[in-house]
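Comments concern the structure below.
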Number of protein chains: 4
Amino acid sequence: MEAFSDGVFAIAITLLVLDLHVPEPDTLHGQSLGAALGHQWPSYFAYLVSFLVIGIIWINHHAMCALARRVDRRTLFANLFLLLTVSVIPFPTRLLATYLTARNSDAHTAAAIYAATMVAMGIAFSLLFLAFTRDARTLNTPIPPEALRAALRRFSIGGLCYLATVGIAYLSPVAMLATHALLAVYYCFDQLAPARVTRAG
Amino acid sequence: MEAFSDGVFAIAITLLVLDLHVPEPDTLHGQSLGAALGHQWPSYFAYLVSFLVIGIIWINHHAMCALARRVDRRTLFANLFLLLTVSVIPFPTRLLATYLTARNSDAHTAAAIYAATMVAMGIAFSLLFLAFTRDARTLNTPIPPEALRAALRRFSIGGLCYLATVGIAYLSPVAMLATHALLAVYYCFDQLAPARVTRAG
Amino acid sequence: MEAFSDGVFAIAITLLVLDLHVPEPDTLHGQSLGAALGHQWPSYFAYLVSFLVIGIIWINHHAMCALARRVDRRTLFANLFLLLTVSVIPFPTRLLATYLTARNSDAHTAAAIYAATMVAMGIAFSLLFLAFTRDARTLNTPIPPEALRAALRRFSIGGLCYLATVGIAYLSPVAMLATHALLAVYYCFDQLAPARVTRAG
Amino acid sequence: MEAFSDGVFAIAITLLVLDLHVPEPDTLHGQSLGAALGHQWPSYFAYLVSFLVIGIIWINHHAMCALARRVDRRTLFANLFLLLTVSVIPFPTRLLATYLTARNSDAHTAAAIYAATMVAMGIAFSLLFLAFTRDARTLNTPIPPEALRAALRRFSIGGLCYLATVGIAYLSPVAMLATHALLAVYYCFDQLAPARVTRAG
């Protein structure tokens, strides 16, 4: 399961680059290439945040897979749902890159769709965690109930933060994207910490 | 063999996202982005069904590979034929997404091609199953003849269902796509069950 | 090395599908979708042959990797050269698909470039075989000199056939493509046979 | 970690082919296909150099991963940073292919961005090496301090060379690209040599 998942993560993260467009020479209209590229900053910003998000999900997915000794069909389907939300990320990313600086409500629409994709991804990740930990016999090392509860509390807080970014999308699409960058950095240092401590103990 | 196959499955499933198009701002003609995206619902529907189909084939392929201890050249070629039918899926998917709501027979043509691809995929999967189970010495655990017959009966029924969707394509392309979504869900809970029971017994 | 190579093979073989174009509804000009798709037969033909060629190279690459116990840097670079010729295949494939039925010398140019890519690929495969078998200590089982000579004779004949298809390209691009389909089928049943017999003996 | 990284390397190296464009028949304007393809030489040159660069990074990444027994989060993030710089390479590659022969400063801009991407990649590779070797307990075999210092000296010289190519980009974009081809060849024979000697000793 991990080889296939790693493949999907790796492809989704690499396909993002296809949406960094090279301005055609005859569309520059006297503008310098540097200036034309500079105007594309929403593309780079969206690329970076989505790269970071997929990269962090991969790292946490990897840590989660390491907990499991074997997977059942339910886990396979929870995993497939997570992969659906991950592999679709290039779509809201290019949507947001195209509309981030639009001067009307389309920017909010694009940003809300981006944020909603992340909410779906967070839900999928939580469901996969539940599927993994539902049956202690499928785990390499049992996770104590209090560590499980702590992880779920953490997921819930993360989910609420993600949900909040849907609201932020209507205030400021740029702030929404920046919040996801911060959440990714936060998740990279924190998420599976309790489970890891338990395993080391 | 499985690493290469997993790669092809992972890439085919992830390439689907390239056909979710972002409407260019200057093609909206006063329409809101939300409305423009809403008009693309055939793309999302086709994307979801194809994602589900490839995901389920992968899960069943994975289960089938787990049965085998080693593979011969015949199996490699049967596998290559399956990968051909899987890796081509993004083409009928975008064909169907483009023509699903066409008001003439082109919608039926696109839907029939989509359904025919699934028929070819079903045939390829059955051939691969036959190649895998042809020689009991290549299996981890022998599969009793009655379980094999049950699996083949099941494949035949599945194949007939797939064939029927080619007919449904001429009645209603949308119903054809919905049927494939249902068949995918059916296959995910059922297909290799007899073989699995046998192995556990 | 094999994981990376498998990845490149899997991606190259799957990227081919991106060049199967869906005719836009407003470019049909009253033609039916079926007729428009029928006119694209060079795309399907080129797709099929390139899929077959990459698939067969992968199978033979896999068989060759199974001979080796460890790889040195020279082998890694010979492998990188093979991957270069494989990963570039989508380019001559779409070149040929676009020009196969052109009524002037451009069809010959496209066909010759396709055939030349296959010549380069054949050379790269032979170099990799030499790199693999150069040092008997890197092999799982020594290959007797006569089997090695037989394999190299076989490679030479294959190389000459590939070279001949460059000439055929100037007579008939379609015949060139058909020849490559036949060569792929030939290679799939034959190429590494002597080495395999030796290992079984 | 290596499976995911191999995937990203394999996809980035294979996606490069998508930027080798096939001239549309109706854009030839009486020119032969051969001549039209010949005019695209910057695309082939940039393709080849980027292929070589990614291939060499992969080989060295592979050698580096072989040194490690286990990886911590810090290494995972250094690795993610390297993958960011690698997976973005198709963008500066097609930028350079488009502007390499532009007759104004846009060629310099494109070349400088290409060279700067390689600088970032070199920095990321050095950081990953530091993350890998920071803690001797995570290594399969300890690397003696003098070998480490030699490797870091080597990285520093390589980094300065990469930085110099940013300057060369403003003199001659073609010379910049040629320099990267030479640096790639140099790195393929040299980079991890001291560490390897140490391990063999």
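By convention here, the chains of the structure tokens are called A, B, ... in the order presented, each chain's residues are numbered starting at 1, and ligands are numbered starting at 1 in the order presented.
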
Open item on the list: Should the cut-off be 7 Å, what would the residue list for chain B against chain C look like, counting only C-alpha atoms, as number ranges by chain?
Closed with: B: 3-4, 7-8, 11-12, 80, 87-88, 91, 95, 106, 109

Same residues, N, CA and C atoms, output as a compact mmCIF listing (two decimals), in the first residue's frame:
# COMPACT_ATOMS: atom_id res chain seq x y z
N ALA B 3 6.12 -3.26 -8.38
CA ALA B 3 6.57 -1.88 -8.29
C ALA B 3 6.23 -1.13 -9.56
N PHE B 4 6.50 -1.74 -10.71
CA PHE B 4 6.22 -1.11 -12.00
C PHE B 4 4.71 -0.91 -12.16
N GLY B 7 3.44 1.79 -10.02
CA GLY B 7 3.80 3.06 -10.62
C GLY B 7 2.80 3.47 -11.70
N VAL B 8 2.46 2.53 -12.59
CA VAL B 8 1.53 2.85 -13.67
C VAL B 8 0.15 3.21 -13.10
N ILE B 11 0.37 6.66 -11.50
CA ILE B 11 0.49 7.77 -12.46
C ILE B 11 -0.84 7.96 -13.18
N ALA B 12 -1.46 6.86 -13.62
CA ALA B 12 -2.73 6.99 -14.34
C ALA B 12 -3.77 7.67 -13.46
N LEU B 80 0.98 -6.63 -18.58
CA LEU B 80 1.22 -5.49 -19.47
C LEU B 80 -0.06 -5.10 -20.20
N SER B 87 -3.72 2.44 -18.14
CA SER B 87 -3.03 3.71 -18.39
C SER B 87 -3.72 4.51 -19.48
N VAL B 88 -4.61 3.87 -20.27
CA VAL B 88 -5.32 4.60 -21.31
C VAL B 88 -6.57 5.29 -20.73
N PHE B 91 -7.71 8.93 -21.21
CA PHE B 91 -8.22 9.38 -22.52
C PHE B 91 -9.74 9.26 -22.60
N LEU B 95 -12.51 12.32 -22.77
CA LEU B 95 -13.47 12.27 -23.87
C LEU B 95 -14.89 12.39 -23.32
N ASP B 106 -22.93 12.26 -30.20
CA ASP B 106 -21.53 12.25 -29.75
C ASP B 106 -21.42 11.86 -28.28
N THR B 109 -21.45 8.17 -28.28
CA THR B 109 -20.16 7.65 -28.76
C THR B 109 -19.12 7.69 -27.64

- [ ] Just list the residues in stretch 68-119 of chain B DSSP gives alpha helix (DSSP H) on the backbone, as a PyMOL selection string.
- [x] chain B and resi 73-87+90-99+105-119

Open item on the list: Would you pick out the contacts of A:Leu127 at 9 Å or less, using only C-alpha atoms, so that residues sharing its chain but fewer than 5 positions from it are not included, and give the list as a VMD selection string?
Closed with: chain A and resid 75 78 to 79 82 122 132

Task: Å distance separating atom CA of C:Gly167 from atom CA of C:Ile113, one decimal place - done: 11.0 Å

Open item on the list: So that I can check the surroundings of B:Leu67, please list as a list in words every protein, DNA and RNA residue that reaches within 6 Å of it, counting only C-alpha atoms and ignoring chain neighbours fewer than 2 positions away.
Closed with: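 My list of contacting residues is Met64, Cys65, Leu139 and Asn140 of chain B.
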
Could you save the residues just selected, with all heavy atoms, as an mmCIF file, in the first residue's frame?
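Ended up saving to result-v6.cif:
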data_model
loop_
_atom_site.group_PDB
_atom_site.id
_atom_site.type_symbol
_atom_site.label_atom_id
_atom_site.label_comp_id
_atom_site.auth_asym_id
_atom_site.auth_seq_id
_atom_site.Cartn_x
_atom_site.Cartn_y
_atom_site.Cartn_z
ATOM 1 N N MET B 64 -4.239 -9.769 -5.775
ATOM 2 C CA MET B 64 -3.920 -10.867 -6.673
ATOM 3 C C MET B 64 -2.423 -11.149 -6.666
ATOM 4 O O MET B 64 -1.989 -12.307 -6.632
ATOM 5 C CB MET B 64 -4.402 -10.536 -8.083
ATOM 6 C CG MET B 64 -4.497 -11.737 -8.965
ATOM 7 S SD MET B 64 -5.681 -11.443 -10.309
ATOM 8 C CE MET B 64 -4.823 -10.176 -11.217
ATOM 9 N N CYS B 65 -1.615 -10.081 -6.676
ATOM 10 C CA CYS B 65 -0.163 -10.266 -6.656
ATOM 11 C C CYS B 65 0.277 -10.990 -5.381
ATOM 12 O O CYS B 65 1.251 -11.747 -5.385
ATOM 13 C CB CYS B 65 0.555 -8.919 -6.743
ATOM 14 S SG CYS B 65 0.484 -8.201 -8.383
ATOM 15 N N LEU B 139 1.888 -20.315 -7.030
ATOM 16 C CA LEU B 139 1.075 -19.669 -5.995
ATOM 17 C C LEU B 139 1.654 -19.905 -4.611
ATOM 18 O O LEU B 139 2.292 -20.939 -4.357
ATOM 19 C CB LEU B 139 -0.354 -20.198 -6.038
ATOM 20 C CG LEU B 139 -1.136 -19.896 -7.322
ATOM 21 C CD1 LEU B 139 -2.457 -20.649 -7.317
ATOM 22 C CD2 LEU B 139 -1.366 -18.404 -7.444
ATOM 23 N N ASN B 140 1.415 -18.959 -3.719
ATOM 24 C CA ASN B 140 1.848 -19.129 -2.336
ATOM 25 C C ASN B 140 1.087 -20.264 -1.670
ATOM 26 O O ASN B 140 1.652 -21.067 -0.948
ATOM 27 C CB ASN B 140 1.598 -17.842 -1.552
ATOM 28 C CG ASN B 140 2.677 -16.830 -1.814
ATOM 29 O OD1 ASN B 140 3.853 -17.180 -1.832
ATOM 30 N ND2 ASN B 140 2.286 -15.597 -2.046
#
